[in-house]
Amino acid sequence: NRKSVDKKAKETQPLLEDLYAVLKDLGQMKLCERLEKYISGSLANVFNAQTNIKLDNRLVIFDIKDLPESLRQIMMLIISNFVQNQVKASPEKRLLIIDEGWLLLEHEESARFVAGLVRRARKYYLGVSIISQQANDFLKSDYGRAIASQSALRILMRQDTTTIKNV
């Protein structure tokens, strides 16, 4: 069965259900239980499907505002990682704009990922703009300060008086 999974993976990009099948064959039932909702549950159409995104358009927008709050952070990471992989595969001038950047700064894993992305982006001709309502979002964490210090341009508009002192 594993050979058929390997053959299928070479023909098309693997799905999450392919990983699930391999984990099940290996007897990793705890992991399988955790993945089930993403494979056959309500989230299957989001996480267990081939992408329909065409990156050869001049403008590509990933709109996740209608996702449940619990999924937004992981989707922002998935999208950022996807863009990073595309940029590495074919370096050319591009711009990644992340709105509501505070969502990524709330959790250490995503903040670390974005800080690393911002540091490496120039090597691949990628500009990264992160938009947030409050400068404090960047000032209250080490990763946020690292992102701000890597930024060539910082635009501050109408900051709260408690924020402006820290800025």
# chains A, B, ... in the order shown; residues from 1 in each chain; ligands from 1
call {"tool": "select_by_dssp", "arguments": {"residues": "chain A", "states": "helix (DSSP H, G or I)", "output": "VMD selection string"}}
result
chain A and resid 2 to 11 16 to 25 29 to 39 44 to 47 69 to 89 102 to 105 108 to 124 136 to 139 142 to 150 161 to 166
call {"tool": "select_by_dssp", "arguments": {"residues": "chain A", "states": "strand (DSSP E or B)", "output": "list in words"}}
result
Arg94, Leu95, Leu96, Ile97, Ile98, Leu126, Gly127, Val128, Ser129 and Ile130 of chain A
call {"tool": "write_last_selection", "arguments": {"atoms": "all heavy atoms", "output": "compact mmCIF listing (two decimals), in the first residue's frame"}}
result
# COMPACT_ATOMS: atom_id res chain seq x y z
N ARG A 94 8.56 40.49 -6.12
CA ARG A 94 7.20 40.24 -5.64
C ARG A 94 7.01 41.00 -4.34
O ARG A 94 7.96 41.37 -3.68
CB ARG A 94 6.97 38.76 -5.37
CG ARG A 94 6.99 37.89 -6.60
CD ARG A 94 6.59 36.48 -6.21
NE ARG A 94 6.53 35.62 -7.36
CZ ARG A 94 7.29 34.56 -7.54
NH1 ARG A 94 8.19 34.23 -6.65
NH2 ARG A 94 7.16 33.82 -8.61
N LEU A 95 5.75 41.17 -3.97
CA LEU A 95 5.42 41.83 -2.72
C LEU A 95 4.39 40.99 -1.98
O LEU A 95 3.35 40.65 -2.54
CB LEU A 95 4.88 43.24 -2.98
CG LEU A 95 4.44 44.06 -1.77
CD1 LEU A 95 5.63 44.30 -0.83
CD2 LEU A 95 3.87 45.39 -2.22
N LEU A 96 4.70 40.65 -0.74
CA LEU A 96 3.76 39.94 0.14
C LEU A 96 3.26 40.95 1.15
O LEU A 96 4.05 41.55 1.89
CB LEU A 96 4.46 38.78 0.86
CG LEU A 96 3.66 38.08 1.97
CD1 LEU A 96 2.40 37.43 1.40
CD2 LEU A 96 4.53 37.04 2.66
N ILE A 97 1.95 41.18 1.17
CA ILE A 97 1.35 42.11 2.11
C ILE A 97 0.51 41.31 3.08
O ILE A 97 -0.39 40.57 2.68
CB ILE A 97 0.48 43.15 1.38
CG1 ILE A 97 1.33 43.93 0.38
CG2 ILE A 97 -0.18 44.09 2.39
CD1 ILE A 97 0.55 44.85 -0.52
N ILE A 98 0.83 41.45 4.36
CA ILE A 98 0.10 40.75 5.41
C ILE A 98 -0.67 41.78 6.21
O ILE A 98 -0.07 42.62 6.89
CB ILE A 98 1.05 39.95 6.33
CG1 ILE A 98 1.83 38.93 5.52
CG2 ILE A 98 0.27 39.29 7.46
CD1 ILE A 98 2.93 38.23 6.30
N LEU A 126 11.80 39.42 -2.57
CA LEU A 126 10.46 39.51 -2.01
C LEU A 126 10.40 40.68 -1.03
O LEU A 126 11.20 40.76 -0.10
CB LEU A 126 10.09 38.22 -1.27
CG LEU A 126 8.74 38.22 -0.53
CD1 LEU A 126 7.58 38.32 -1.52
CD2 LEU A 126 8.59 36.95 0.31
N GLY A 127 9.48 41.57 -1.27
CA GLY A 127 9.21 42.64 -0.31
C GLY A 127 8.09 42.17 0.61
O GLY A 127 7.13 41.54 0.14
N VAL A 128 8.19 42.44 1.88
CA VAL A 128 7.16 42.04 2.84
C VAL A 128 6.64 43.29 3.54
O VAL A 128 7.43 44.05 4.11
CB VAL A 128 7.70 41.04 3.89
CG1 VAL A 128 6.60 40.63 4.86
CG2 VAL A 128 8.28 39.81 3.21
N SER A 129 5.35 43.51 3.46
CA SER A 129 4.70 44.60 4.18
C SER A 129 3.73 43.99 5.17
O SER A 129 2.89 43.17 4.79
CB SER A 129 3.92 45.51 3.23
OG SER A 129 4.81 46.20 2.39
N ILE A 130 3.87 44.38 6.41
CA ILE A 130 2.99 43.87 7.46
C ILE A 130 2.21 45.06 8.01
O ILE A 130 2.81 46.04 8.46
CB ILE A 130 3.78 43.16 8.57
CG1 ILE A 130 4.60 42.01 7.96
CG2 ILE A 130 2.84 42.64 9.64
CD1 ILE A 130 5.51 41.32 8.94
call {"tool": "residues_around", "arguments": {"residues": "Phe82 (chain A)", "least_positions_apart": "6", "cutoff": "12 Å", "atoms": "only C-alpha atoms", "output": "NGL selection string"}}
result
:A and (51 or 53 or 55 or 62 or 75-76 or 88-89 or 96 or 117)
call {"tool": "residues_around", "arguments": {"residues": "Leu77 (chain A)", "least_positions_apart": "2", "cutoff": "10 Å", "atoms": "only C-alpha atoms", "output": "NGL selection string"}}
result
:A and (72-75 or 79-83 or 104 or 109-111 or 113-114)
call {"tool": "write_last_selection", "arguments": {"atoms": "all heavy atoms", "output": "compact mmCIF listing (two decimals), in the first residue's frame"}}
result
# COMPACT_ATOMS: atom_id res chain seq x y z
N ARG A 72 -7.61 31.02 11.54
CA ARG A 72 -6.94 32.13 10.84
C ARG A 72 -5.43 32.10 11.00
O ARG A 72 -4.71 32.29 10.03
CB ARG A 72 -7.48 33.46 11.32
CG ARG A 72 -8.75 33.82 10.64
CD ARG A 72 -9.10 35.26 10.86
NE ARG A 72 -10.53 35.39 10.66
CZ ARG A 72 -11.29 36.23 11.29
NH1 ARG A 72 -10.76 37.06 12.16
NH2 ARG A 72 -12.56 36.28 11.04
N GLN A 73 -4.94 31.90 12.20
CA GLN A 73 -3.49 31.93 12.40
C GLN A 73 -2.80 30.85 11.59
O GLN A 73 -1.82 31.10 10.91
CB GLN A 73 -3.14 31.78 13.88
CG GLN A 73 -1.64 31.87 14.07
CD GLN A 73 -1.15 31.17 15.31
OE1 GLN A 73 -1.89 30.51 16.00
NE2 GLN A 73 0.12 31.31 15.58
N ILE A 74 -3.34 29.63 11.64
CA ILE A 74 -2.70 28.54 10.90
C ILE A 74 -2.79 28.79 9.40
O ILE A 74 -1.84 28.51 8.67
CB ILE A 74 -3.25 27.15 11.29
CG1 ILE A 74 -2.34 26.07 10.72
CG2 ILE A 74 -4.67 26.96 10.83
CD1 ILE A 74 -2.58 24.70 11.29
N MET A 75 -3.89 29.35 8.93
CA MET A 75 -4.00 29.64 7.50
C MET A 75 -3.02 30.74 7.08
O MET A 75 -2.45 30.68 6.00
CB MET A 75 -5.43 30.02 7.12
CG MET A 75 -6.36 28.83 7.06
SD MET A 75 -5.76 27.48 6.00
CE MET A 75 -5.85 28.21 4.39
N ILE A 79 -0.30 30.07 4.22
CA ILE A 79 -0.19 30.96 3.07
C ILE A 79 1.20 31.57 2.98
O ILE A 79 1.82 31.58 1.91
CB ILE A 79 -1.28 32.05 3.12
CG1 ILE A 79 -2.66 31.42 2.91
CG2 ILE A 79 -1.01 33.14 2.09
CD1 ILE A 79 -3.82 32.33 3.28
N SER A 80 1.71 32.06 4.11
CA SER A 80 3.05 32.66 4.12
C SER A 80 4.11 31.64 3.72
O SER A 80 5.02 31.95 2.95
CB SER A 80 3.37 33.22 5.51
OG SER A 80 2.45 34.22 5.85
N ASN A 81 3.98 30.41 4.22
CA ASN A 81 4.91 29.35 3.86
C ASN A 81 4.80 29.00 2.38
O ASN A 81 5.81 28.81 1.69
CB ASN A 81 4.67 28.13 4.74
CG ASN A 81 5.76 27.11 4.59
OD1 ASN A 81 6.94 27.42 4.65
ND2 ASN A 81 5.38 25.86 4.38
N PHE A 82 3.58 28.93 1.88
CA PHE A 82 3.35 28.65 0.46
C PHE A 82 4.00 29.72 -0.41
O PHE A 82 4.72 29.41 -1.37
CB PHE A 82 1.83 28.59 0.21
CG PHE A 82 1.46 28.37 -1.23
CD1 PHE A 82 1.63 27.13 -1.81
CD2 PHE A 82 0.94 29.40 -1.99
CE1 PHE A 82 1.28 26.90 -3.14
CE2 PHE A 82 0.61 29.19 -3.31
CZ PHE A 82 0.77 27.94 -3.89
N VAL A 83 3.79 30.99 -0.06
CA VAL A 83 4.38 32.09 -0.82
C VAL A 83 5.90 32.01 -0.75
O VAL A 83 6.59 32.16 -1.76
CB VAL A 83 3.85 33.44 -0.32
CG1 VAL A 83 4.64 34.59 -0.92
CG2 VAL A 83 2.37 33.59 -0.65
N LEU A 104 -0.35 37.24 13.68
CA LEU A 104 0.85 36.40 13.61
C LEU A 104 1.78 36.64 14.78
O LEU A 104 2.57 35.77 15.14
CB LEU A 104 1.59 36.65 12.30
CG LEU A 104 0.87 36.16 11.05
CD1 LEU A 104 1.59 36.62 9.81
CD2 LEU A 104 0.75 34.65 11.06
N GLU A 109 5.23 30.74 17.64
CA GLU A 109 5.61 29.99 16.44
C GLU A 109 5.42 30.84 15.18
O GLU A 109 6.29 30.90 14.32
CB GLU A 109 4.79 28.70 16.28
CG GLU A 109 4.86 27.76 17.45
CD GLU A 109 3.88 28.10 18.57
OE1 GLU A 109 2.85 28.77 18.31
OE2 GLU A 109 4.15 27.72 19.71
N SER A 110 4.27 31.50 15.08
CA SER A 110 4.01 32.30 13.88
C SER A 110 4.87 33.56 13.87
O SER A 110 5.34 33.99 12.83
CB SER A 110 2.53 32.63 13.75
OG SER A 110 2.07 33.30 14.91
N ALA A 111 5.10 34.15 15.04
CA ALA A 111 5.95 35.35 15.11
C ALA A 111 7.38 35.00 14.69
O ALA A 111 8.02 35.76 13.94
CB ALA A 111 5.94 35.91 16.53
N PHE A 113 8.27 32.54 12.70
CA PHE A 113 8.24 32.26 11.26
C PHE A 113 8.28 33.55 10.45
O PHE A 113 9.06 33.69 9.51
CB PHE A 113 6.99 31.45 10.90
CG PHE A 113 6.85 31.21 9.43
CD1 PHE A 113 7.56 30.20 8.81
CD2 PHE A 113 6.06 32.04 8.65
CE1 PHE A 113 7.46 29.99 7.45
CE2 PHE A 113 5.95 31.83 7.29
CZ PHE A 113 6.65 30.81 6.69
N VAL A 114 7.44 34.51 10.81
CA VAL A 114 7.37 35.76 10.05
C VAL A 114 8.66 36.56 10.19
O VAL A 114 9.14 37.14 9.22
CB VAL A 114 6.14 36.60 10.46
CG1 VAL A 114 6.17 37.97 9.83
CG2 VAL A 114 4.88 35.87 10.06
call {"tool": "closest_residue", "arguments": {"among": "A:Lys140, A:Lys93, A:Lys24, A:His107", "to": "Tyr125 (chain A)", "atoms": "only C-alpha atoms"}}
result
A:Lys93
call {"tool": "closest_residue", "arguments": {"among": "A:Glu100, A:Glu17, A:Leu139, A:Lys65", "to": "Phe47 (chain A)", "atoms": "only C-alpha atoms"}}
result
A:Glu17
call {"tool": "closest_residue", "arguments": {"among": "A:Asn57, A:Ser141, A:Gln150, A:Gln133", "to": "Ala121 (chain A)", "atoms": "only C-alpha atoms"}}
result
A:Gln150
call {"tool": "closest_residue", "arguments": {"among": "A:Asp99, A:Val46, A:Glu106, A:Lys54", "to": "Ile78 (chain A)", "atoms": "only C-alpha atoms"}}
result
A:Val46
call {"tool": "atom_distance", "arguments": {"atom1": "CA of Ala44 (chain A)", "atom2": "CA of Tyr20 (chain A)"}}
result
12.5 Å
call {"tool": "closest_residue", "arguments": {"among": "A:Met29, A:Asn48, A:Asn85, A:Arg34", "to": "Pro14 (chain A)", "atoms": "only C-alpha atoms"}}
result
A:Asn48
call {"tool": "atom_distance", "arguments": {"atom1": "CA of Val60 (chain A)", "atom2": "CA of Ser90 (chain A)"}}
result
15.9 Å
call {"tool": "atom_distance", "arguments": {"atom1": "CA of Pro68 (chain A)", "atom2": "CA of Ala135 (chain A)"}}
result
25.3 Å
